[in-house]
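The next block holds one structure in the form of structure tokens; read it before the comments.
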Amino acid sequence: METREIHDDGIKTDEQYTEHDSGDGDGLLLGADSDVTPTLSVIMPTLNEEGGIGECIEMVKRGISKIGVTTEIIISDSSSDRTPEIAREMGAIVVTPDEPGYGYAYRYAFAHARGDYIAIGDADTTYDFEDLPRLLDKVNDGEADMVMGSRLEGDIRPGSMPKLHQYIGNPMLTKFLNVFYGAGVSDAHSGFRVIDRDALDELDLKTNGMEFASEMIMEAGAQDMTIEEVPITYHEREGEATLDSFEDGWRHVKFMLVNAPGYLFSLPAMVLSGLGLIVMTLAYFGIAVGGVSVGLHSMIAGSLLAIGGFQIGSLGVFATVAGNPIKQSQQPVMGWLLKRLQLEHAATLGLLVFAGGATYATYLVIQWVSSGFVELPLLMDDIVAFTAIVLGIQTVFSSFFMSTIAE
């Protein structure tokens, strides 16, 4: 048997764990009335998991026996079967959330947890809680604020994950989180995680549903916390699945986009506005593209694109100012607008654009009147003038609206 160093916080570490060093883990498990402050709190949300809860608690016990840490197991339960009875019989603490929802079950349990470190995972036997020491070590050693078990970098057992989730859903959602929030992880929706309690307290977690898994990563990424991963084995679940692939997947995507207005609004705004102005320029000056002339109809389309892009960009500014999203915009244009543009600046710019368009339109009308209402102005010129008028009006009133919601 190896001799291990015991850190000041009570966690024993080494590179190779021996399962039977601390018995079966029962002596390390603390109840709700214990005067001892646990080092680790393991939290599992449950909804009719009587088929797997017992095995999950046994796995936790075997895991903590490897490193000898005092632990409390908190079951955040909303079951109608024997799940809570089984959990209590095995030494777990059972709390009953007063509202429904996967995310709310976790947040409710966090308020009851006393450990210096918090571990979370599903109670359906898909995650092997005997791997807890591997995740806990990296947090305890200061290598990370949060450590996640990566299924996609580990071993996914046959039948444990639908192919749609394995090859499309999870990789796509992970890509979104990495691009939008700089998470830098391979499996953003793994539910097996260990986080330092101080880091957890810094996260402003609010969601009640399955998007909680995304919110936790988004908050950590937005606050530049260090997230590490360890490969894990993902097993086939016990009991019926409660995840709705498309509904819950859409909730994740919607939550990510709404909380990243810099990507949701500013990129489409820049693309549409830029494309619209280019098309208008080509049409106005009669520049052919690939031997094809860009004419009046393209001019109209360009005007609509420019106006639509501007409107989308305005909505992005409003969403950022009013919504307090998790990820403040880091897009060059949106970021510059939010930091530098004030009511007076925007309103002045709008008035100048409006004045330019109105002046040009007035000039065209004067020409028409001077011709005895015979010689109509060129439609190209009309479109340029009235596009500028519309953009100017939008800018002026949008700036006042932004000022109103900012206050």
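Within each chain, counting starts at residue 1; across the structure tokens, chains are named A, B, ... in the order shown, with ligands numbered 1 upward in that order.
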Spatial neighbours of Met216 (chain A), max dist 8 Å, only C-alpha atoms, sep filter under 4 positions, as an MDAnalysis selection string: chainID A and resid 203 205 212 220
Selection: 8 Å around Arg197 (chain A), only C-alpha atoms, excl. self and same-chain fewer than 2 positions, as a PyMOL selection string: chain A and resi 115-118+195+199-201
Restrict the selected residues to C-alpha atoms and save them as a PDB file, in the first residue's frame.
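Okay, result06.pdb is ready:
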ATOM      1  CA  GLY A 115     -18.574  20.896   0.540  1.00  0.00           C
ATOM      2  CA  ASP A 116     -15.478  22.792  -0.566  1.00  0.00           C
ATOM      3  CA  TYR A 117     -15.865  21.086  -3.922  1.00  0.00           C
ATOM      4  CA  ILE A 118     -19.069  20.272  -5.790  1.00  0.00           C
ATOM      5  CA  ILE A 195     -16.131  22.610  -9.574  1.00  0.00           C
ATOM      6  CA  ALA A 199     -15.921  29.338  -8.472  1.00  0.00           C
ATOM      7  CA  LEU A 200     -19.487  28.008  -8.370  1.00  0.00           C
ATOM      8  CA  ASP A 201     -20.556  30.930  -6.182  1.00  0.00           C
TER       9      ASP A 201
END
Contacts of Ile300 (chain A) at 12 Å (only C-alpha atoms; same-chain gap of 6+ positions) as a list in words: Gly276, Leu277, Val279, Met280, Thr281, Leu282, Ala283, Tyr284, Val294, Ala306, Ile307, Leu379, Met380, Asp381, Asp382, Ile383, Val384, Phe386 and Thr387 of chain A
Near-region 252-254 of chain A list (10 Å; only C-alpha atoms; drop same-chain fewer than 5 positions) as a VMD selection string: chain A and resid 172 to 173 176 to 177 189 209 to 215 246 to 247 259 to 260
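Between CA of Val258 (chain A) and CA of Ile168 (chain A) there is a distance of 21.5 Å.
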Report as a PyMOL selection string: the residues of region 27-117 of chain A with a DSSP assignment of strand (DSSP E), based on the backbone of this structure. chain A and resi 40-46+71-77+93-95+117
Write out as a list in words the residues lying within 9 Å of Gly52 (chain A), counting only C-alpha atoms and excluding same-chain residues fewer than 4 positions away. Cys56, Ile57, Thr83, Ala123, Asp124, Thr125, Arg237, Glu238 and Gly239 of chain A
Could you write out the selected residues, including all heavy atoms, as a PDB file, in the first residue's frame?
ATOM      1  N   CYS A  56     -25.363   4.155  -8.484  1.00  0.00           N
ATOM      2  CA  CYS A  56     -24.634   5.428  -8.528  1.00  0.00           C
ATOM      3  C   CYS A  56     -24.063   5.789  -7.161  1.00  0.00           C
ATOM      4  O   CYS A  56     -22.919   6.243  -7.050  1.00  0.00           O
ATOM      5  CB  CYS A  56     -25.554   6.551  -9.025  1.00  0.00           C
ATOM      6  SG  CYS A  56     -25.929   6.457 -10.788  1.00  0.00           S
ATOM      7  N   ILE A  57     -24.853   5.586  -6.113  1.00  0.00           N
ATOM      8  CA  ILE A  57     -24.352   5.881  -4.774  1.00  0.00           C
ATOM      9  C   ILE A  57     -23.207   4.943  -4.408  1.00  0.00           C
ATOM     10  O   ILE A  57     -22.207   5.364  -3.807  1.00  0.00           O
ATOM     11  CB  ILE A  57     -25.507   5.788  -3.746  1.00  0.00           C
ATOM     12  CG1 ILE A  57     -26.504   6.919  -3.994  1.00  0.00           C
ATOM     13  CG2 ILE A  57     -24.967   5.849  -2.323  1.00  0.00           C
ATOM     14  CD1 ILE A  57     -27.743   6.855  -3.109  1.00  0.00           C
ATOM     15  N   THR A  83     -37.145   6.116  -5.572  1.00  0.00           N
ATOM     16  CA  THR A  83     -35.807   6.716  -5.623  1.00  0.00           C
ATOM     17  C   THR A  83     -35.399   7.361  -4.303  1.00  0.00           C
ATOM     18  O   THR A  83     -34.302   7.078  -3.779  1.00  0.00           O
ATOM     19  CB  THR A  83     -35.728   7.758  -6.760  1.00  0.00           C
ATOM     20  OG1 THR A  83     -35.963   7.111  -8.009  1.00  0.00           O
ATOM     21  CG2 THR A  83     -34.362   8.414  -6.796  1.00  0.00           C
ATOM     22  N   ALA A 123     -28.036  10.408 -12.242  1.00  0.00           N
ATOM     23  CA  ALA A 123     -28.179   9.203 -11.420  1.00  0.00           C
ATOM     24  C   ALA A 123     -28.727   8.034 -12.219  1.00  0.00           C
ATOM     25  O   ALA A 123     -29.512   7.233 -11.708  1.00  0.00           O
ATOM     26  CB  ALA A 123     -29.087   9.510 -10.234  1.00  0.00           C
ATOM     27  N   ASP A 124     -28.326   7.921 -13.480  1.00  0.00           N
ATOM     28  CA  ASP A 124     -28.858   6.859 -14.340  1.00  0.00           C
ATOM     29  C   ASP A 124     -27.794   5.849 -14.743  1.00  0.00           C
ATOM     30  O   ASP A 124     -27.981   5.087 -15.684  1.00  0.00           O
ATOM     31  CB  ASP A 124     -29.494   7.468 -15.584  1.00  0.00           C
ATOM     32  CG  ASP A 124     -28.538   8.388 -16.341  1.00  0.00           C
ATOM     33  OD1 ASP A 124     -27.323   8.401 -16.018  1.00  0.00           O
ATOM     34  OD2 ASP A 124     -29.000   9.111 -17.252  1.00  0.00           O
ATOM     35  N   THR A 125     -26.667   5.846 -14.050  1.00  0.00           N
ATOM     36  CA  THR A 125     -25.517   4.940 -14.247  1.00  0.00           C
ATOM     37  C   THR A 125     -24.730   5.209 -15.519  1.00  0.00           C
ATOM     38  O   THR A 125     -23.850   4.426 -15.872  1.00  0.00           O
ATOM     39  CB  THR A 125     -25.927   3.447 -14.214  1.00  0.00           C
ATOM     40  OG1 THR A 125     -26.673   3.110 -15.395  1.00  0.00           O
ATOM     41  CG2 THR A 125     -26.738   3.123 -12.981  1.00  0.00           C
ATOM     42  N   ARG A 237     -27.636   3.733 -19.929  1.00  0.00           N
ATOM     43  CA  ARG A 237     -28.405   4.174 -18.782  1.00  0.00           C
ATOM     44  C   ARG A 237     -29.367   3.103 -18.289  1.00  0.00           C
ATOM     45  O   ARG A 237     -29.766   2.201 -19.031  1.00  0.00           O
ATOM     46  CB  ARG A 237     -29.191   5.457 -19.088  1.00  0.00           C
ATOM     47  CG  ARG A 237     -30.307   5.300 -20.108  1.00  0.00           C
ATOM     48  CD  ARG A 237     -31.209   6.532 -20.144  1.00  0.00           C
ATOM     49  NE  ARG A 237     -32.061   6.579 -18.972  1.00  0.00           N
ATOM     50  CZ  ARG A 237     -32.169   7.605 -18.145  1.00  0.00           C
ATOM     51  NH1 ARG A 237     -31.476   8.689 -18.366  1.00  0.00           N
ATOM     52  NH2 ARG A 237     -32.973   7.557 -17.114  1.00  0.00           N
ATOM     53  N   GLU A 238     -29.708   3.247 -16.997  1.00  0.00           N
ATOM     54  CA  GLU A 238     -30.770   2.441 -16.402  1.00  0.00           C
ATOM     55  C   GLU A 238     -32.046   3.277 -16.398  1.00  0.00           C
ATOM     56  O   GLU A 238     -32.033   4.442 -16.007  1.00  0.00           O
ATOM     57  CB  GLU A 238     -30.408   2.056 -14.961  1.00  0.00           C
ATOM     58  CG  GLU A 238     -29.275   1.057 -14.854  1.00  0.00           C
ATOM     59  CD  GLU A 238     -29.699  -0.350 -15.221  1.00  0.00           C
ATOM     60  OE1 GLU A 238     -30.930  -0.592 -15.297  1.00  0.00           O
ATOM     61  OE2 GLU A 238     -28.815  -1.195 -15.443  1.00  0.00           O
ATOM     62  N   GLY A 239     -33.158   2.694 -16.806  1.00  0.00           N
ATOM     63  CA  GLY A 239     -34.430   3.409 -16.808  1.00  0.00           C
ATOM     64  C   GLY A 239     -34.666   4.141 -18.114  1.00  0.00           C
ATOM     65  O   GLY A 239     -33.859   4.110 -19.043  1.00  0.00           O
TER      66      GLY A 239
END
